[in-house]
file structure.txt (compact mmCIF, N, CA and C atoms and all ligand atoms)
# COMPACT_ATOMS: atom_id res chain seq x y z
N MET A 703 -28.81 7.31 -7.61
CA MET A 703 -28.32 6.18 -6.84
C MET A 703 -29.22 6.00 -5.60
N ASN A 704 -29.77 4.82 -5.42
CA ASN A 704 -30.62 4.62 -4.25
C ASN A 704 -29.80 4.40 -2.98
N SER A 705 -30.49 4.34 -1.84
CA SER A 705 -29.76 4.27 -0.56
C SER A 705 -28.94 2.99 -0.44
N ARG A 706 -29.45 1.90 -1.05
CA ARG A 706 -28.71 0.64 -0.98
C ARG A 706 -27.40 0.75 -1.77
N GLU A 707 -27.47 1.41 -2.95
CA GLU A 707 -26.26 1.60 -3.75
C GLU A 707 -25.29 2.54 -3.05
N ASN A 708 -25.85 3.60 -2.40
CA ASN A 708 -25.01 4.52 -1.64
C ASN A 708 -24.26 3.77 -0.55
N ARG A 709 -25.00 2.89 0.13
CA ARG A 709 -24.39 2.14 1.22
C ARG A 709 -23.29 1.22 0.69
N PHE A 710 -23.56 0.60 -0.47
CA PHE A 710 -22.56 -0.28 -1.05
C PHE A 710 -21.32 0.52 -1.45
N GLN A 711 -21.55 1.70 -2.03
CA GLN A 711 -20.43 2.55 -2.44
C GLN A 711 -19.59 2.94 -1.23
N THR A 712 -20.27 3.37 -0.14
CA THR A 712 -19.57 3.74 1.08
C THR A 712 -18.80 2.57 1.64
N CYS A 713 -19.46 1.40 1.65
CA CYS A 713 -18.83 0.19 2.16
C CYS A 713 -17.58 -0.12 1.33
N GLY A 714 -17.70 0.00 0.01
CA GLY A 714 -16.56 -0.26 -0.87
C GLY A 714 -15.42 0.73 -0.65
N ASP A 715 -15.77 1.99 -0.45
CA ASP A 715 -14.74 3.01 -0.18
C ASP A 715 -14.01 2.71 1.12
N GLN A 716 -14.78 2.33 2.14
CA GLN A 716 -14.17 2.02 3.43
C GLN A 716 -13.28 0.78 3.33
N LEU A 717 -13.73 -0.22 2.56
CA LEU A 717 -12.91 -1.43 2.38
C LEU A 717 -11.60 -1.10 1.69
N GLU A 718 -11.66 -0.17 0.73
CA GLU A 718 -10.43 0.23 0.03
C GLU A 718 -9.47 0.91 0.98
N ILE A 719 -10.00 1.74 1.87
CA ILE A 719 -9.15 2.40 2.87
C ILE A 719 -8.50 1.35 3.77
N LEU A 720 -9.31 0.40 4.25
CA LEU A 720 -8.77 -0.65 5.13
C LEU A 720 -7.71 -1.47 4.40
N ASP A 721 -7.97 -1.77 3.14
CA ASP A 721 -7.01 -2.56 2.36
C ASP A 721 -5.70 -1.78 2.17
N ASN A 722 -5.82 -0.48 1.90
CA ASN A 722 -4.61 0.35 1.76
C ASN A 722 -3.83 0.40 3.08
N GLU A 723 -4.56 0.43 4.19
CA GLU A 723 -3.89 0.43 5.49
C GLU A 723 -3.17 -0.90 5.73
N HIS A 724 -3.77 -1.99 5.31
CA HIS A 724 -3.08 -3.29 5.42
C HIS A 724 -1.76 -3.25 4.66
N THR A 725 -1.80 -2.70 3.45
CA THR A 725 -0.59 -2.60 2.62
C THR A 725 0.47 -1.76 3.33
N GLU A 726 0.03 -0.64 3.92
CA GLU A 726 0.95 0.25 4.62
C GLU A 726 1.53 -0.44 5.86
N ILE A 727 0.70 -1.19 6.58
CA ILE A 727 1.19 -1.91 7.77
C ILE A 727 2.24 -2.94 7.36
N ARG A 728 1.98 -3.66 6.27
CA ARG A 728 2.98 -4.64 5.79
C ARG A 728 4.29 -3.94 5.45
N ARG A 729 4.18 -2.79 4.75
CA ARG A 729 5.39 -2.04 4.37
C ARG A 729 6.16 -1.58 5.60
N GLN A 730 5.45 -1.04 6.58
CA GLN A 730 6.10 -0.54 7.79
C GLN A 730 6.68 -1.68 8.63
N TYR A 731 6.00 -2.83 8.61
CA TYR A 731 6.53 -4.00 9.32
C TYR A 731 7.88 -4.40 8.71
N ILE A 732 7.95 -4.42 7.39
CA ILE A 732 9.20 -4.79 6.71
C ILE A 732 10.30 -3.76 7.03
N GLU A 733 9.93 -2.49 7.07
CA GLU A 733 10.91 -1.46 7.44
C GLU A 733 11.45 -1.68 8.84
N LEU A 734 10.55 -2.01 9.76
CA LEU A 734 10.98 -2.28 11.14
C LEU A 734 11.86 -3.52 11.19
N ASP A 735 11.45 -4.54 10.48
CA ASP A 735 12.22 -5.78 10.42
C ASP A 735 13.63 -5.50 9.89
N ASP A 736 13.70 -4.73 8.81
CA ASP A 736 15.01 -4.39 8.23
C ASP A 736 15.86 -3.60 9.22
N ALA A 737 15.23 -2.64 9.90
CA ALA A 737 15.97 -1.80 10.85
C ALA A 737 16.57 -2.66 11.97
N ILE A 738 15.81 -3.68 12.40
CA ILE A 738 16.31 -4.56 13.46
C ILE A 738 17.39 -5.49 12.93
N LEU A 739 17.07 -6.18 11.83
CA LEU A 739 17.98 -7.22 11.31
C LEU A 739 19.26 -6.64 10.72
N GLN A 740 19.20 -5.42 10.21
CA GLN A 740 20.38 -4.80 9.62
C GLN A 740 21.13 -3.90 10.61
N GLY A 741 20.68 -3.91 11.86
CA GLY A 741 21.37 -3.15 12.89
C GLY A 741 21.48 -1.66 12.60
N GLU A 742 20.32 -1.07 12.24
CA GLU A 742 20.34 0.36 11.86
C GLU A 742 20.39 1.29 13.07
N GLY A 743 20.41 0.74 14.25
CA GLY A 743 20.54 1.57 15.45
C GLY A 743 19.23 1.81 16.16
N SER A 744 19.34 2.11 17.45
CA SER A 744 18.16 2.26 18.31
C SER A 744 17.22 3.37 17.82
N ALA A 745 17.78 4.49 17.41
CA ALA A 745 16.93 5.62 17.00
C ALA A 745 16.06 5.23 15.81
N ARG A 746 16.67 4.57 14.83
CA ARG A 746 15.91 4.18 13.63
C ARG A 746 14.87 3.09 13.97
N ILE A 747 15.25 2.16 14.84
CA ILE A 747 14.31 1.10 15.25
C ILE A 747 13.11 1.71 15.99
N LEU A 748 13.39 2.64 16.89
CA LEU A 748 12.30 3.29 17.63
C LEU A 748 11.39 4.08 16.68
N GLU A 749 12.00 4.76 15.72
CA GLU A 749 11.22 5.55 14.76
C GLU A 749 10.31 4.64 13.92
N ALA A 750 10.89 3.57 13.40
CA ALA A 750 10.11 2.65 12.55
C ALA A 750 8.98 2.00 13.35
N ALA A 751 9.28 1.63 14.60
CA ALA A 751 8.27 1.00 15.44
C ALA A 751 7.15 1.98 15.80
N ALA A 752 7.51 3.23 16.08
CA ALA A 752 6.49 4.23 16.42
C ALA A 752 5.55 4.47 15.25
N GLU A 753 6.10 4.50 14.05
CA GLU A 753 5.25 4.68 12.86
C GLU A 753 4.29 3.50 12.70
N LEU A 754 4.82 2.30 12.89
CA LEU A 754 3.98 1.10 12.76
C LEU A 754 2.89 1.07 13.83
N ALA A 755 3.24 1.40 15.06
CA ALA A 755 2.24 1.40 16.14
C ALA A 755 1.13 2.40 15.84
N GLN A 756 1.50 3.56 15.33
CA GLN A 756 0.50 4.59 15.01
C GLN A 756 -0.43 4.12 13.89
N THR A 757 0.14 3.54 12.86
CA THR A 757 -0.67 3.08 11.73
C THR A 757 -1.60 1.95 12.15
N MET A 758 -1.11 1.03 12.99
CA MET A 758 -1.97 -0.05 13.47
C MET A 758 -3.11 0.50 14.32
N GLY A 759 -2.82 1.48 15.17
CA GLY A 759 -3.86 2.09 16.00
C GLY A 759 -4.93 2.76 15.16
N THR A 760 -4.49 3.50 14.15
CA THR A 760 -5.43 4.16 13.24
C THR A 760 -6.29 3.12 12.52
N HIS A 761 -5.65 2.05 12.09
CA HIS A 761 -6.38 1.00 11.37
C HIS A 761 -7.46 0.37 12.26
N PHE A 762 -7.14 0.10 13.50
CA PHE A 762 -8.13 -0.49 14.41
C PHE A 762 -9.32 0.44 14.58
N THR A 763 -9.04 1.74 14.67
CA THR A 763 -10.13 2.72 14.80
C THR A 763 -11.01 2.68 13.55
N HIS A 764 -10.39 2.64 12.38
CA HIS A 764 -11.16 2.59 11.13
C HIS A 764 -11.97 1.29 11.02
N GLU A 765 -11.41 0.19 11.51
CA GLU A 765 -12.15 -1.08 11.48
C GLU A 765 -13.41 -1.00 12.34
N GLU A 766 -13.26 -0.41 13.53
CA GLU A 766 -14.43 -0.28 14.40
C GLU A 766 -15.50 0.58 13.74
N GLU A 767 -15.07 1.67 13.10
CA GLU A 767 -16.02 2.54 12.39
C GLU A 767 -16.72 1.77 11.28
N PHE A 768 -15.93 0.97 10.55
CA PHE A 768 -16.51 0.18 9.45
C PHE A 768 -17.56 -0.78 9.97
N GLN A 769 -17.24 -1.46 11.06
CA GLN A 769 -18.17 -2.43 11.63
C GLN A 769 -19.43 -1.75 12.13
N GLU A 770 -19.27 -0.56 12.73
CA GLU A 770 -20.43 0.16 13.25
C GLU A 770 -21.31 0.68 12.13
N THR A 771 -20.70 1.33 11.13
CA THR A 771 -21.51 1.95 10.07
C THR A 771 -22.15 0.90 9.16
N ASN A 772 -21.57 -0.27 9.06
CA ASN A 772 -22.13 -1.30 8.19
C ASN A 772 -22.86 -2.39 8.97
N LEU A 773 -23.06 -2.13 10.27
CA LEU A 773 -23.83 -3.03 11.13
C LEU A 773 -23.34 -4.47 11.06
N ILE A 774 -22.02 -4.62 11.04
CA ILE A 774 -21.43 -5.96 11.00
C ILE A 774 -21.39 -6.50 12.42
N PRO A 775 -21.99 -7.68 12.63
CA PRO A 775 -21.98 -8.23 13.99
C PRO A 775 -20.57 -8.57 14.45
N VAL A 776 -20.27 -8.19 15.69
CA VAL A 776 -18.95 -8.48 16.26
C VAL A 776 -19.17 -9.37 17.48
N PHE A 777 -18.58 -10.54 17.45
CA PHE A 777 -18.72 -11.46 18.57
C PHE A 777 -17.88 -10.96 19.74
N GLU A 778 -18.31 -11.29 20.95
CA GLU A 778 -17.63 -10.81 22.15
C GLU A 778 -16.16 -11.20 22.16
N LYS A 779 -15.87 -12.42 21.68
CA LYS A 779 -14.47 -12.87 21.66
C LYS A 779 -13.63 -11.98 20.73
N GLN A 780 -14.19 -11.66 19.56
CA GLN A 780 -13.48 -10.77 18.62
C GLN A 780 -13.26 -9.41 19.26
N SER A 781 -14.33 -8.90 19.88
CA SER A 781 -14.28 -7.58 20.48
C SER A 781 -13.24 -7.51 21.59
N SER A 782 -13.21 -8.52 22.46
CA SER A 782 -12.25 -8.49 23.57
C SER A 782 -10.83 -8.69 23.06
N THR A 783 -10.65 -9.51 22.01
CA THR A 783 -9.32 -9.67 21.42
C THR A 783 -8.85 -8.36 20.82
N GLY A 784 -9.75 -7.67 20.12
CA GLY A 784 -9.41 -6.38 19.52
C GLY A 784 -9.03 -5.35 20.57
N ARG A 785 -9.81 -5.31 21.67
CA ARG A 785 -9.50 -4.36 22.75
C ARG A 785 -8.13 -4.68 23.38
N ALA A 786 -7.87 -5.96 23.58
CA ALA A 786 -6.59 -6.36 24.19
C ALA A 786 -5.42 -6.00 23.28
N THR A 787 -5.58 -6.22 21.99
CA THR A 787 -4.51 -5.89 21.04
C THR A 787 -4.28 -4.38 21.01
N MET A 788 -5.38 -3.62 21.00
CA MET A 788 -5.26 -2.16 20.98
C MET A 788 -4.58 -1.67 22.25
N ALA A 789 -4.95 -2.24 23.40
CA ALA A 789 -4.34 -1.85 24.67
C ALA A 789 -2.84 -2.15 24.66
N GLU A 790 -2.47 -3.29 24.10
CA GLU A 790 -1.05 -3.64 24.03
C GLU A 790 -0.29 -2.69 23.12
N ILE A 791 -0.90 -2.33 22.00
CA ILE A 791 -0.24 -1.38 21.08
C ILE A 791 -0.05 -0.03 21.76
N MET A 792 -1.05 0.41 22.51
CA MET A 792 -0.92 1.70 23.22
C MET A 792 0.19 1.64 24.26
N MET A 793 0.28 0.51 24.96
CA MET A 793 1.34 0.34 25.96
C MET A 793 2.71 0.31 25.27
N ILE A 794 2.80 -0.38 24.15
CA ILE A 794 4.06 -0.42 23.39
C ILE A 794 4.43 0.99 22.92
N ALA A 795 3.45 1.74 22.42
CA ALA A 795 3.72 3.10 21.94
C ALA A 795 4.29 3.97 23.06
N GLN A 796 3.75 3.81 24.27
CA GLN A 796 4.28 4.58 25.42
C GLN A 796 5.73 4.21 25.70
N ARG A 797 6.01 2.93 25.67
CA ARG A 797 7.39 2.48 25.95
C ARG A 797 8.35 2.91 24.85
N LEU A 798 7.87 2.96 23.63
CA LEU A 798 8.72 3.45 22.53
C LEU A 798 9.08 4.92 22.77
N GLN A 799 8.08 5.69 23.23
CA GLN A 799 8.33 7.11 23.51
C GLN A 799 9.36 7.28 24.62
N GLN A 800 9.43 6.29 25.52
CA GLN A 800 10.41 6.33 26.61
C GLN A 800 11.76 5.78 26.18
N GLY A 801 11.87 5.41 24.89
CA GLY A 801 13.14 4.96 24.35
C GLY A 801 13.46 3.50 24.61
N GLU A 802 12.45 2.71 24.95
CA GLU A 802 12.68 1.29 25.23
C GLU A 802 12.66 0.48 23.93
N VAL A 803 13.85 0.10 23.48
CA VAL A 803 13.97 -0.60 22.20
C VAL A 803 13.30 -1.98 22.27
N TYR A 804 13.27 -2.55 23.47
CA TYR A 804 12.63 -3.86 23.61
C TYR A 804 11.17 -3.81 23.14
N ALA A 805 10.52 -2.66 23.33
CA ALA A 805 9.12 -2.52 22.90
C ALA A 805 8.98 -2.70 21.39
N ALA A 806 10.02 -2.31 20.65
CA ALA A 806 9.98 -2.47 19.18
C ALA A 806 9.99 -3.96 18.82
N LEU A 807 10.76 -4.74 19.57
CA LEU A 807 10.79 -6.18 19.32
C LEU A 807 9.44 -6.81 19.64
N ARG A 808 8.84 -6.31 20.71
CA ARG A 808 7.51 -6.80 21.10
C ARG A 808 6.47 -6.46 20.02
N LEU A 809 6.55 -5.24 19.49
CA LEU A 809 5.63 -4.82 18.44
C LEU A 809 5.83 -5.67 17.18
N ARG A 810 7.08 -5.95 16.86
CA ARG A 810 7.38 -6.77 15.68
C ARG A 810 6.68 -8.13 15.81
N GLY A 811 6.80 -8.77 16.96
CA GLY A 811 6.16 -10.07 17.18
C GLY A 811 4.65 -9.98 17.13
N LEU A 812 4.10 -8.95 17.77
CA LEU A 812 2.65 -8.76 17.78
C LEU A 812 2.14 -8.55 16.36
N CYS A 813 2.81 -7.70 15.61
CA CYS A 813 2.38 -7.37 14.25
C CYS A 813 2.48 -8.58 13.33
N LYS A 814 3.53 -9.36 13.48
CA LYS A 814 3.71 -10.53 12.63
C LYS A 814 2.53 -11.50 12.81
N GLY A 815 2.18 -11.80 14.05
CA GLY A 815 1.05 -12.70 14.32
C GLY A 815 -0.26 -12.10 13.86
N TRP A 816 -0.41 -10.81 14.10
CA TRP A 816 -1.64 -10.11 13.74
C TRP A 816 -1.84 -10.13 12.22
N MET A 817 -0.78 -9.85 11.47
CA MET A 817 -0.89 -9.85 10.01
C MET A 817 -1.33 -11.22 9.51
N HIS A 818 -0.72 -12.25 10.08
CA HIS A 818 -1.01 -13.60 9.62
C HIS A 818 -2.48 -13.97 9.84
N GLU A 819 -2.99 -13.69 11.03
CA GLU A 819 -4.36 -14.09 11.36
C GLU A 819 -5.41 -13.08 10.92
N HIS A 820 -5.19 -11.85 11.28
CA HIS A 820 -6.20 -10.82 11.11
C HIS A 820 -6.49 -10.47 9.66
N MET A 821 -5.45 -10.23 8.89
CA MET A 821 -5.68 -9.71 7.55
C MET A 821 -6.44 -10.70 6.67
N TYR A 822 -6.11 -11.97 6.77
CA TYR A 822 -6.82 -12.96 5.95
C TYR A 822 -8.29 -13.04 6.37
N VAL A 823 -8.52 -13.16 7.67
CA VAL A 823 -9.88 -13.27 8.18
C VAL A 823 -10.68 -12.03 7.82
N GLU A 824 -10.09 -10.86 8.04
CA GLU A 824 -10.82 -9.62 7.76
C GLU A 824 -11.15 -9.49 6.29
N ASN A 825 -10.21 -9.82 5.42
CA ASN A 825 -10.48 -9.71 3.99
C ASN A 825 -11.68 -10.56 3.60
N VAL A 826 -11.75 -11.76 4.13
CA VAL A 826 -12.86 -12.65 3.80
C VAL A 826 -14.16 -12.13 4.40
N GLU A 827 -14.14 -11.81 5.70
CA GLU A 827 -15.37 -11.39 6.38
C GLU A 827 -15.91 -10.07 5.87
N PHE A 828 -15.05 -9.08 5.72
CA PHE A 828 -15.52 -7.77 5.26
C PHE A 828 -15.94 -7.84 3.79
N GLY A 829 -15.27 -8.67 3.02
CA GLY A 829 -15.68 -8.84 1.62
C GLY A 829 -17.07 -9.42 1.52
N ILE A 830 -17.36 -10.41 2.35
CA ILE A 830 -18.70 -11.02 2.37
C ILE A 830 -19.72 -10.00 2.85
N ALA A 831 -19.36 -9.24 3.88
CA ALA A 831 -20.28 -8.23 4.40
C ALA A 831 -20.62 -7.18 3.34
N SER A 832 -19.63 -6.78 2.56
CA SER A 832 -19.90 -5.76 1.54
C SER A 832 -20.81 -6.32 0.46
N LEU A 833 -20.67 -7.61 0.14
CA LEU A 833 -21.54 -8.21 -0.87
C LEU A 833 -22.98 -8.33 -0.38
N ALA A 834 -23.14 -8.39 0.94
CA ALA A 834 -24.49 -8.48 1.49
C ALA A 834 -25.31 -7.24 1.13
N PHE A 835 -24.62 -6.12 0.90
CA PHE A 835 -25.31 -4.88 0.56
C PHE A 835 -25.32 -4.62 -0.94
N ALA A 836 -24.70 -5.50 -1.71
CA ALA A 836 -24.62 -5.29 -3.15
C ALA A 836 -25.95 -5.59 -3.82
N ASN A 837 -26.20 -4.90 -4.94
CA ASN A 837 -27.40 -5.26 -5.70
C ASN A 837 -27.06 -6.46 -6.58
N GLU A 838 -28.06 -6.94 -7.30
CA GLU A 838 -27.91 -8.20 -8.05
C GLU A 838 -26.75 -8.13 -9.06
N SER A 839 -26.64 -7.03 -9.80
CA SER A 839 -25.58 -6.96 -10.81
C SER A 839 -24.20 -6.95 -10.18
N ASP A 840 -24.07 -6.32 -9.00
CA ASP A 840 -22.78 -6.34 -8.30
C ASP A 840 -22.42 -7.75 -7.88
N ARG A 841 -23.45 -8.51 -7.42
CA ARG A 841 -23.19 -9.89 -7.00
C ARG A 841 -22.78 -10.75 -8.18
N ILE A 842 -23.41 -10.52 -9.33
CA ILE A 842 -23.06 -11.30 -10.52
C ILE A 842 -21.63 -10.99 -10.93
N ARG A 843 -21.27 -9.69 -10.91
CA ARG A 843 -19.88 -9.32 -11.26
C ARG A 843 -18.87 -9.98 -10.31
N ALA A 844 -19.28 -10.12 -9.05
CA ALA A 844 -18.39 -10.75 -8.06
C ALA A 844 -18.48 -12.27 -8.11
N GLN A 845 -19.31 -12.79 -9.02
CA GLN A 845 -19.49 -14.25 -9.22
C GLN A 845 -20.01 -14.93 -7.95
N ILE A 846 -21.01 -14.29 -7.32
CA ILE A 846 -21.65 -14.90 -6.14
C ILE A 846 -22.97 -15.50 -6.58
FE FE B 901 -7.61 -4.91 9.27
call {"tool": "encode", "arguments": {"input": "structure.txt", "output": "structure tokens", "more": "lines below"}}
Ligand SMILES: [Fe+2]
result
Amino acid sequence: MNSRENRFQTCGDQLEILDNEHTEIRRQYIELDDAILQGEGSARILEAAAELAQTMGTHFTHEEEFQETNLIPVFEKQSSTGRATMAEIMMIAQRLQQGEVYAALRLRGLCKGWMHEHMYVENVEFGIASLAFANESDRIRAQI
């Protein structure tokens, strides 16, 4: 396997990890939503929100690594939005640890908007970026 194929394989593996994290974030968001809407109690709401905040934080870290290792250009606006979202998640996580249930509602709203905008854009952009490193047969299989 040449270095270009290695890079494509690594890129594909990282994309699969990011995609799995998206699935997990959606699942945890639904769990948090259920805990709130079904009145499962403060302890369960805080637990579900803490899990979601942790998974989102991990995902952002993996996205940054993906962008760095695959030399994907990041515009300043994207970068500052990402930093602001990460800072808000960290602040929410602190408040959850202090038992503030309101922070779970804030995380629910943040996550809902983030899923709607971020996941679609990222799937398209990272998919295109991975194809940039694909060899000819990979591009044909992807119908590019
Ligand atoms: Fe993502």
call {"tool": "residues_near_ligand", "arguments": {"input": "structure.txt", "ligand": "ligand FE 901 (chain B)", "cutoff": "12 Å", "atoms": "only C-alpha atoms and all ligand atoms", "output": "MDAnalysis selection string"}}
result
chainID A and resid 716:728 757:769 784 813 816:829
call {"tool": "residues_around", "arguments": {"input": "structure.txt", "residues": "range 731-738 of chain A", "least_positions_apart": "4", "cutoff": "7 Å", "atoms": "all atoms listed in the file", "output": "list in words"}}
result
Glu726, Ile727, Glu742, Gly743, Arg746, Ile747, Ala750, Ala751, Leu754 and Arg810 of chain A
call {"tool": "closest_residue", "arguments": {"input": "structure.txt", "among": "A:Leu748, A:Leu739, A:Cys713, A:Leu773", "to": "Glu802 in chain A", "atoms": "only N, CA and C atoms"}}
result
A:Leu748
call {"tool": "closest_residue", "arguments": {"input": "structure.txt", "among": "A:Ser744, A:Asn772, A:Gln800, A:Ser781", "to": "Leu833 in chain A", "atoms": "only C-alpha atoms"}}
result
A:Asn772
call {"tool": "atom_distance", "arguments": {"input": "structure.txt", "atom1": "atom N of Ala755 in chain A", "atom2": "atom C of Ala805 in chain A"}}
result
9.5 Å
call {"tool": "atom_distance", "arguments": {"input": "structure.txt", "atom1": "atom N of Ala795 in chain A", "atom2": "atom C of Asp715 in chain A"}}
result
27.6 Å
